[in-house]
Structure formats: C-alpha cells, structure tokens
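Source file: coords_10.txt; contents: compact mmCIF, C-alpha atoms.
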# COMPACT_ATOMS: atom_id res chain seq x y z
CA MET A 1 0.00 0.00 0.00
CA ASN A 2 2.74 2.37 0.99
CA LYS A 3 4.73 1.48 -2.10
CA LYS A 4 1.74 2.16 -4.34
CA ALA A 5 1.29 5.61 -2.78
CA GLN A 6 4.97 6.35 -3.28
CA SER A 7 4.76 5.31 -6.90
CA ASP A 8 1.67 7.51 -7.46
CA VAL A 9 3.43 10.54 -5.99
CA LEU A 10 6.47 9.85 -8.17
CA MET A 11 4.35 9.45 -11.33
CA ASN A 12 2.56 12.74 -10.68
CA ASN A 13 5.83 14.58 -10.23
CA VAL A 14 7.35 12.98 -13.33
CA VAL A 15 4.51 14.37 -15.44
CA TYR A 16 5.11 17.86 -14.01
CA LEU A 17 8.85 17.60 -14.54
CA ILE A 18 8.48 16.43 -18.14
CA LEU A 19 6.08 19.28 -18.89
CA LEU A 20 8.43 21.78 -17.27
CA ALA A 21 11.41 20.43 -19.23
CA ILE A 22 9.50 20.67 -22.54
CA PHE A 23 8.45 24.22 -21.67
CA VAL A 24 11.97 25.36 -20.74
CA VAL A 25 13.56 23.77 -23.83
CA GLY A 26 10.84 25.28 -26.07
CA MET A 27 11.29 28.73 -24.60
CA PHE A 28 15.09 28.60 -24.93
CA ALA A 29 14.79 27.44 -28.55
CA PHE A 30 12.35 30.26 -29.33
CA ILE A 31 14.49 32.96 -27.67
CA TRP A 32 17.67 31.62 -29.33
CA GLN A 33 16.03 31.67 -32.76
CA GLN A 34 14.77 35.21 -32.28
CA SER A 35 17.96 36.58 -30.76
CA ASN A 36 20.21 35.73 -33.71
CA GLY A 37 18.11 38.31 -35.54
CA ALA A 38 17.52 36.34 -38.75
CA ALA A 39 14.01 37.74 -39.22
CA VAL A 40 15.11 41.33 -38.59
CA TRP A 41 18.10 41.07 -40.94
CA GLU A 42 16.00 39.36 -43.65
CA ASP A 43 13.58 42.29 -43.49
CA TYR A 44 16.43 44.79 -43.64
CA TYR A 45 18.28 43.20 -46.55
CA VAL A 46 15.19 42.54 -48.67
CA LYS A 47 14.07 46.16 -48.39
CA GLU A 48 17.52 47.62 -49.05
CA ILE A 49 17.86 45.44 -52.17
CA VAL A 50 14.40 46.52 -53.38
CA LYS A 51 15.39 50.15 -52.81
CA VAL A 52 18.41 49.71 -55.09
CA ILE A 53 16.36 47.85 -57.74
CA ASP A 54 13.68 50.55 -57.79
CA LEU A 55 16.36 53.18 -58.44
CA SER A 56 18.16 51.12 -61.11
CA LYS A 57 18.09 51.43 -64.88
CA PRO A 58 18.67 48.69 -67.46
CA GLY A 59 22.38 47.95 -67.75
CA ASP A 60 23.19 48.81 -64.13
CA GLN A 61 25.42 46.40 -62.23
CA VAL A 62 24.94 46.41 -58.48
CA THR A 63 27.19 45.21 -55.68
CA ILE A 64 25.97 45.16 -52.07
CA ASP A 65 27.84 44.32 -48.88
CA VAL A 66 26.10 41.20 -47.51
CA GLN A 67 28.67 40.21 -44.88
CA LYS A 68 26.17 40.18 -42.00
CA ALA A 69 23.61 38.20 -44.02
CA THR A 70 26.15 35.53 -44.93
CA GLU A 71 27.32 35.26 -41.32
CA ILE A 72 23.75 34.67 -40.08
CA ALA A 73 22.98 32.25 -42.94
CA LYS A 74 26.11 30.22 -42.18
CA LYS A 75 25.21 30.08 -38.49
CA ASN A 76 21.72 28.81 -39.43
CA GLU A 77 23.10 26.31 -41.98
CA VAL A 78 21.55 28.03 -45.00
CA GLY A 79 23.58 27.61 -48.21
CA PHE A 80 24.84 30.85 -49.80
CA SER A 81 23.08 29.99 -53.06
CA GLU A 82 19.73 29.93 -51.21
CA ILE A 83 20.01 33.34 -49.48
CA PHE A 84 18.87 35.69 -52.27
CA LYS A 85 16.16 34.85 -54.80
CA PHE A 86 14.96 37.19 -57.55
CA ASP A 87 11.54 36.35 -58.97
CA ASN A 88 11.17 38.36 -62.18
CA ALA A 89 7.70 36.95 -62.91
CA ASN A 90 6.30 38.50 -59.74
CA ASN A 91 8.83 41.35 -59.39
CA GLU A 92 9.82 40.04 -56.00
CA VAL A 93 13.02 39.60 -53.99
CA CYS A 94 13.25 36.98 -51.23
CA VAL A 95 15.93 36.71 -48.55
CA LYS A 96 16.35 33.55 -46.49
CA LEU A 97 18.65 33.57 -43.47
CA SER A 98 17.12 30.78 -41.39
CA GLN A 99 15.79 27.31 -42.13
CA GLY A 100 12.23 27.02 -43.34
CA ARG A 101 11.23 30.60 -44.06
CA ALA A 102 12.12 33.54 -46.27
CA THR A 103 11.10 37.21 -46.31
CA CYS A 104 9.91 38.63 -49.63
CA PHE A 105 9.23 42.16 -50.89
CA SER A 106 8.04 43.45 -54.27
CA TYR A 107 9.69 46.10 -56.46
CA PHE A 108 7.62 48.29 -58.78
CA ASN A 109 10.44 48.98 -61.25
CA ASP A 110 9.42 47.05 -64.38
CA GLU A 111 12.84 45.52 -65.14
CA ASP A 112 14.40 42.08 -64.84
CA VAL A 113 16.99 41.42 -62.15
CA ILE A 114 19.71 38.90 -62.91
CA PHE A 115 21.50 37.31 -59.97
CA GLU A 116 25.21 37.01 -60.74
CA ASP A 117 27.15 35.84 -57.72
CA ILE A 118 28.02 36.16 -54.06
CA GLU A 119 31.73 36.98 -53.98
CA LEU A 120 33.43 35.96 -50.78
CA GLY A 121 36.10 37.95 -48.95
CA VAL A 122 36.72 41.04 -51.11
CA PRO A 123 37.39 42.02 -48.23
CA VAL A 124 33.76 41.41 -47.20
CA ASN A 125 31.19 39.17 -48.88
CA ILE A 126 29.30 40.98 -51.63
CA LEU A 127 26.17 40.25 -53.64
CA LYS A 128 26.34 41.02 -57.35
CA PHE A 129 23.35 41.42 -59.63
CA SER A 130 22.46 43.30 -62.77
CA VAL A 131 19.32 45.01 -64.02
CA LYS A 132 18.11 44.38 -67.56
CA GLU A 133 15.24 45.44 -69.81
CA LYS A 134 12.13 43.33 -69.11
CA ALA A 135 12.07 40.33 -71.44
CA MET B 1 -14.50 9.58 0.26
CA ILE B 2 -11.75 11.75 1.76
CA ASN B 3 -9.22 10.03 -0.45
CA LYS B 4 -11.25 10.78 -3.58
CA LYS B 5 -11.52 14.44 -2.60
CA ALA B 6 -7.76 14.58 -2.16
CA GLN B 7 -7.27 13.01 -5.58
CA LEU B 8 -9.54 15.57 -7.16
CA GLY B 9 -7.60 18.37 -5.50
CA GLU B 10 -4.34 16.94 -6.80
CA GLN B 11 -5.71 16.66 -10.32
CA MET B 12 -6.84 20.27 -10.18
CA THR B 13 -3.29 21.42 -9.42
CA PHE B 14 -2.26 20.05 -12.82
CA PHE B 15 -4.51 22.60 -14.55
CA ALA B 16 -3.19 25.36 -12.32
CA PHE B 17 0.35 24.32 -13.27
CA LEU B 18 -0.56 24.28 -16.98
CA PHE B 19 -2.21 27.68 -16.66
CA LEU B 20 0.93 29.10 -15.04
CA LEU B 21 3.11 27.70 -17.84
CA ILE B 22 0.85 29.23 -20.48
CA ILE B 23 0.87 32.63 -18.77
CA ILE B 24 4.67 32.60 -18.37
CA GLY B 25 5.09 31.40 -21.98
CA LEU B 26 2.85 34.13 -23.36
CA GLY B 27 4.74 36.71 -21.31
CA ILE B 28 8.10 35.55 -22.67
CA VAL B 29 6.83 35.43 -26.30
CA ALA B 30 5.28 38.91 -25.99
CA GLY B 31 8.48 40.29 -24.45
CA VAL B 32 10.68 38.79 -27.16
CA TYR B 33 8.40 40.11 -29.94
CA ILE B 34 8.36 43.59 -28.42
CA PHE B 35 12.17 43.56 -28.15
CA PHE B 36 13.05 42.04 -31.54
CA GLY B 37 9.81 42.28 -33.47
CA SER B 38 9.31 45.82 -34.73
CA GLY B 39 10.22 45.63 -38.40
CA TYR B 40 12.01 48.09 -40.63
CA ASP B 41 9.30 50.54 -41.72
CA PHE B 42 10.08 51.05 -45.38
CA ARG B 43 6.76 52.56 -46.48
CA SER B 44 7.91 56.21 -46.49
CA VAL B 45 11.01 55.31 -48.51
CA ASP B 46 8.88 53.22 -50.87
CA ALA B 47 6.50 56.15 -51.43
CA ASP B 48 9.50 58.50 -51.97
CA LEU B 49 11.01 56.12 -54.54
CA LEU B 50 7.76 55.86 -56.49
CA ASN B 51 7.34 59.63 -56.40
CA TYR B 52 10.91 60.13 -57.64
CA LYS B 53 10.41 57.65 -60.49
CA ILE B 54 7.17 59.30 -61.62
CA ARG B 55 8.73 62.77 -61.33
CA ASN B 56 11.63 61.74 -63.56
CA CYS B 57 9.24 60.14 -66.02
CA ILE B 58 7.02 63.23 -66.25
CA SER B 59 10.05 65.48 -66.73
CA ASN B 60 11.04 63.45 -69.80
CA ASN B 61 7.56 63.13 -71.36
CA LEU B 62 4.67 65.28 -72.49
CA LEU B 63 1.52 65.04 -70.42
CA ASP B 64 -0.91 64.04 -73.16
CA ASP B 65 -3.52 61.33 -73.66
CA ASN B 66 -0.93 58.85 -74.89
CA PHE B 67 1.05 59.34 -71.67
CA LYS B 68 -2.10 58.98 -69.58
CA ASN B 69 -3.22 55.79 -71.36
CA ASN B 70 0.22 54.17 -71.32
CA PHE B 71 1.44 55.60 -68.03
CA TYR B 72 2.76 52.30 -66.61
CA GLU B 73 4.56 51.24 -69.81
CA ILE B 74 6.12 54.66 -70.41
CA CYS B 75 7.25 55.10 -66.80
CA LYS B 76 8.34 51.43 -66.51
CA ILE B 77 6.22 50.77 -63.45
CA ASP B 78 4.79 47.30 -62.90
CA LEU B 79 0.98 47.55 -62.89
CA LYS B 80 0.51 44.23 -61.10
CA VAL B 81 2.68 45.28 -58.13
CA ILE B 82 0.95 48.68 -57.92
CA GLU B 83 -2.47 47.00 -57.89
CA ASP B 84 -1.63 44.06 -55.64
CA LYS B 85 0.29 46.05 -53.03
CA ASN B 86 -2.27 48.88 -52.88
CA TYR B 87 0.00 51.76 -53.84
CA ILE B 88 -1.52 55.21 -54.22
CA ILE B 89 -0.73 57.48 -57.17
CA ARG B 90 -2.31 60.84 -57.86
CA ILE B 91 -1.05 63.33 -60.44
CA LEU B 92 -2.47 66.83 -60.86
CA ALA B 93 -1.48 69.08 -63.76
CA ASP B 94 -2.29 72.77 -63.18
CA GLU B 95 -4.59 71.63 -60.36
CA LYS B 96 -6.62 69.39 -62.70
CA GLU B 97 -6.69 65.67 -62.15
CA PHE B 98 -4.47 63.92 -64.68
CA PHE B 99 -4.00 60.44 -63.23
CA ASP B 100 -5.40 58.68 -60.19
CA PHE B 101 -4.96 55.26 -58.67
CA GLY B 102 -5.88 54.17 -55.15
CA ASP B 103 -7.58 55.94 -52.30
CA GLU B 104 -5.63 59.12 -51.55
CA LEU B 105 -7.92 59.85 -48.59
CA GLN B 106 -5.93 57.23 -46.69
CA CYS B 107 -2.87 59.49 -46.89
CA GLU B 108 -4.61 62.11 -44.78
CA LEU B 109 -5.42 59.50 -42.15
CA SER B 110 -1.89 58.13 -41.85
CA ALA B 111 -0.96 60.65 -39.15
CA LYS B 112 -3.73 59.28 -36.94
CA ASN B 113 -3.17 55.57 -37.45
CA ILE B 114 0.10 53.86 -38.35
CA ASN B 115 -1.75 51.17 -40.32
CA TYR B 116 -2.67 53.62 -43.07
CA PRO B 117 -0.22 54.08 -45.97
CA LYS B 118 2.72 56.46 -45.73
CA CYS B 119 2.59 59.12 -48.43
CA THR B 120 4.86 61.62 -50.16
CA SER B 121 3.78 64.64 -52.16
CA VAL B 122 5.85 66.89 -54.40
CA ASN B 123 5.10 70.05 -56.44
CA PHE B 124 7.25 70.98 -59.40
CA ASN B 125 7.14 72.62 -62.83
CA SER B 126 7.45 70.66 -66.06
CA ASN B 127 6.95 72.03 -69.57
CA GLY B 128 5.24 75.13 -68.17
CA LYS B 129 2.78 73.13 -66.08
CA ASN B 130 2.52 72.99 -62.33
CA ILE B 131 2.62 69.30 -61.46
CA PHE B 132 1.58 67.80 -58.14
CA ILE B 133 2.43 64.14 -57.44
CA LEU B 134 1.12 62.22 -54.45
CA THR B 135 2.32 58.66 -53.89
CA GLY B 136 1.61 56.28 -51.03
CA SER B 137 2.76 52.84 -49.98
CA ASN B 138 1.52 50.37 -47.43
CA GLN B 139 3.56 47.41 -48.61
CA GLN B 140 4.74 45.05 -45.85
CA SER B 141 7.29 42.32 -46.30
CA ARG B 142 5.79 38.88 -46.85
CA GLY B 143 6.89 35.73 -45.06
CA ALA B 144 7.21 32.77 -47.39
CA ASN B 145 7.89 29.12 -46.73
CA ALA B 146 11.18 28.21 -48.31
Can the structure in the file be given as structure tokens, please?
Amino acid sequence: MNKKAQSDVLMNNVVYLILLAIFVVGMFAFIWQQSNGAAVWEDYYVKEIVKVIDLSKPGDQVTIDVQKATEIAKKNEVGFSEIFKFDNANNEVCVKLSQGRATCFSYFNDEDVIFEDIELGVPVNILKFSVKEKA
Amino acid sequence: MINKKAQLGEQMTFFAFLFLLIIIGLGIVAGVYIFFGSGYDFRSVDADLLNYKIRNCISNNLLDDNFKNNFYEICKIDLKVIEDKNYIIRILADEKEFFDFGDELQCELSAKNINYPKCTSVNFNSNGKNIFILTGSNQQSRGANA
C-alpha cells in the first residue's frame, strides 16, 4: 500500500517535470532563434535590395555588402546559393537567413533582375546582380 | 471519500500548473516580440522612390492622352505590383486631375493611425505646367515558406 502511494506521488511529479522540461527547452529554442536576428536582418536586406532595384536602370550592375547576411545564414546552416532569390515573374526579392522561411518584398520597377554571384572575402562578402530590360 | 476528494484536488493542481506555464510562456513570447519584433518601416522610402520615379518620367515626357493611357509602360512601373500592393498614385497638372490610382484619402489619415499608408507629395514645374504628385505605400514584407 505504501509502495503504491509512493509510486503515485512519483508518477505525478514525473509528469510535471516532463512538462516543465519541454516548456523550458521550447522557450530557450524560441528565444535563441529570435535573438540571432535572422528575421530582422531578412527584413532589412530585402528592403535595401528593393530600394536599389527601384532606383536602377537597365544595364546597371549592383554590388551590395552582404557580410552580415552571410554570417547569419552560415550560423543557421543556409547555403549561400539559397540566401537571395529574384523572382522576375512576380517582381519580388526573397531573402532567407534561417531554415524554413524567407522574407519577400516586391519592387515596382518594371525591369528584370539577374543574380550574378556572391563573392566571398573582397574584403567582405558581396552580392552582385544586374538590371536588364524586361524580357 | 476523503481520499477521492484529495485526488480531485491533486488533479486540479495540474490545470493550475498548466495555466501558469501558459501565462509565463505568453509573457516571454510577448516580451521577445516587443524587443526584436518591430520591423524596418520602409513605407515612407517606398513612397519616396515611387514619387521620384514618376517625377523623372514626367520630366522626360509630355503630359498628353498617350502618356495617360500608357502611363505604366512609359514610366516602366509594374501595374501588377501597384495594384496588388495597394499603392496610391495621384497626379495633378495645373490643379486638374491627370491620373489617379488608389484611395488618396488614406494618406490624410496616416498621421492618426500607423496602419494607413505612408505618403509623399511633391510640387514641381514641367513644360510650363505645375505638377503635383502624391504617392503612397503600405507594402509590408511577406513571409514565405522556403
């Protein structure tokens, strides 16, 4: 009888402890993900790139310092080729700095944007793209 | 009977515990979003850029019916983006309406509520005409699954 009571008390506490552990791990994961600033930097880079595109004319070649973006992407195990996407069909730029999600923003300038390369260490990492007449 | 009552009391503490976790969790999530969450408000810059592009375009073209009918093609502005993202464009030539897209009334309300579009207006002279351009943007960045 006594042993059964002991086991009941233990079982109850185990449930509480498991719940608490899940909660603490979940909260730490959430805060960690937010604190590396991927979402904030995605928003920043996508809008700065759109600003440049909206001011560009056909034939312009653009280089942008993307050192911080590449650092965050590397930390979050996102390949450099996946960071910047230019969707000419929808006039949209997407920036992805963390697994699973990207931030997109539209440009009204009716031109095509051609992604060229991300050059590493010159002395910082730079994104190169060009603007061409809409096909 | 007493034992059953005690069991019930013990079971009720589980809900109290869960309730506490939810409250603490919501507090942490709200705090983190307040600290990291406020995005980069680009709407004023976006409206400025559109205004600048239209201003340049008008300076290099005559304001006639052809310009009015083919405004987007001549100024190289994507119609789909302007329509989908609810931009505002209003052009007055010598105080007469020349071109209008969107609800410019929202511009006047933007000072009272941050959810209304941010607008930019400019007056200038082109080919002897007094031109007024009002542009507004309320475009927010879009999260996409990648």
* Take CA of Ile22 in chain A and CA of Gly27 in chain B and report the distance between them in Å, one decimal. =>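 CA of Gly27 in chain B lies at a distance of 16.8 Å from CA of Ile22 in chain A.
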* Asked: Could you pull the residues within 6 Å of Phe105 in chain A, counting all atoms listed in the file, minus those fewer than 6 positions along the same chain, as a list in words?
  -> Glu92 and Val93 of chain A; Ser141 of chain B
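Put simply, CA of Leu20 in chain B is 13.0 Å away from CA of Val24 in chain A.
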* To do: Name all residues at most 9 Å from Ser121 in chain B (count only C-alpha atoms; drop same-chain ones fewer than 3 positions away) and give them as a ChimeraX atom specification.
  => /B:47-48,51,132-136
* Could you list, as a list in words, every residue of chain A that has an atom within 6 Å of an atom of chain B, counting only C-alpha atoms? ->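 Those within range of chain B come out as Gly100, Arg101, Ala102, Thr103, Cys104, Phe105, Phe108, Asn109 and Asp110 of chain A.
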* To do: Please measure the separation of CA of Phe101 in chain B and CA of Val131 in chain A, giving the value in Å to one decimal.
  =>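 Taking CA of Phe101 in chain B and CA of Val131 in chain A, their separation equals 26.9 Å.
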* Asked: What's the 9 Å shell around range 61-77 of chain A, counting all atoms listed in the file, without same-chain residues fewer than 5 positions away, as a PyMOL selection string?
  -> chain A and resi 36-38+41-42+45+49+52-53+56+83+96-99+118+120-121+124-131
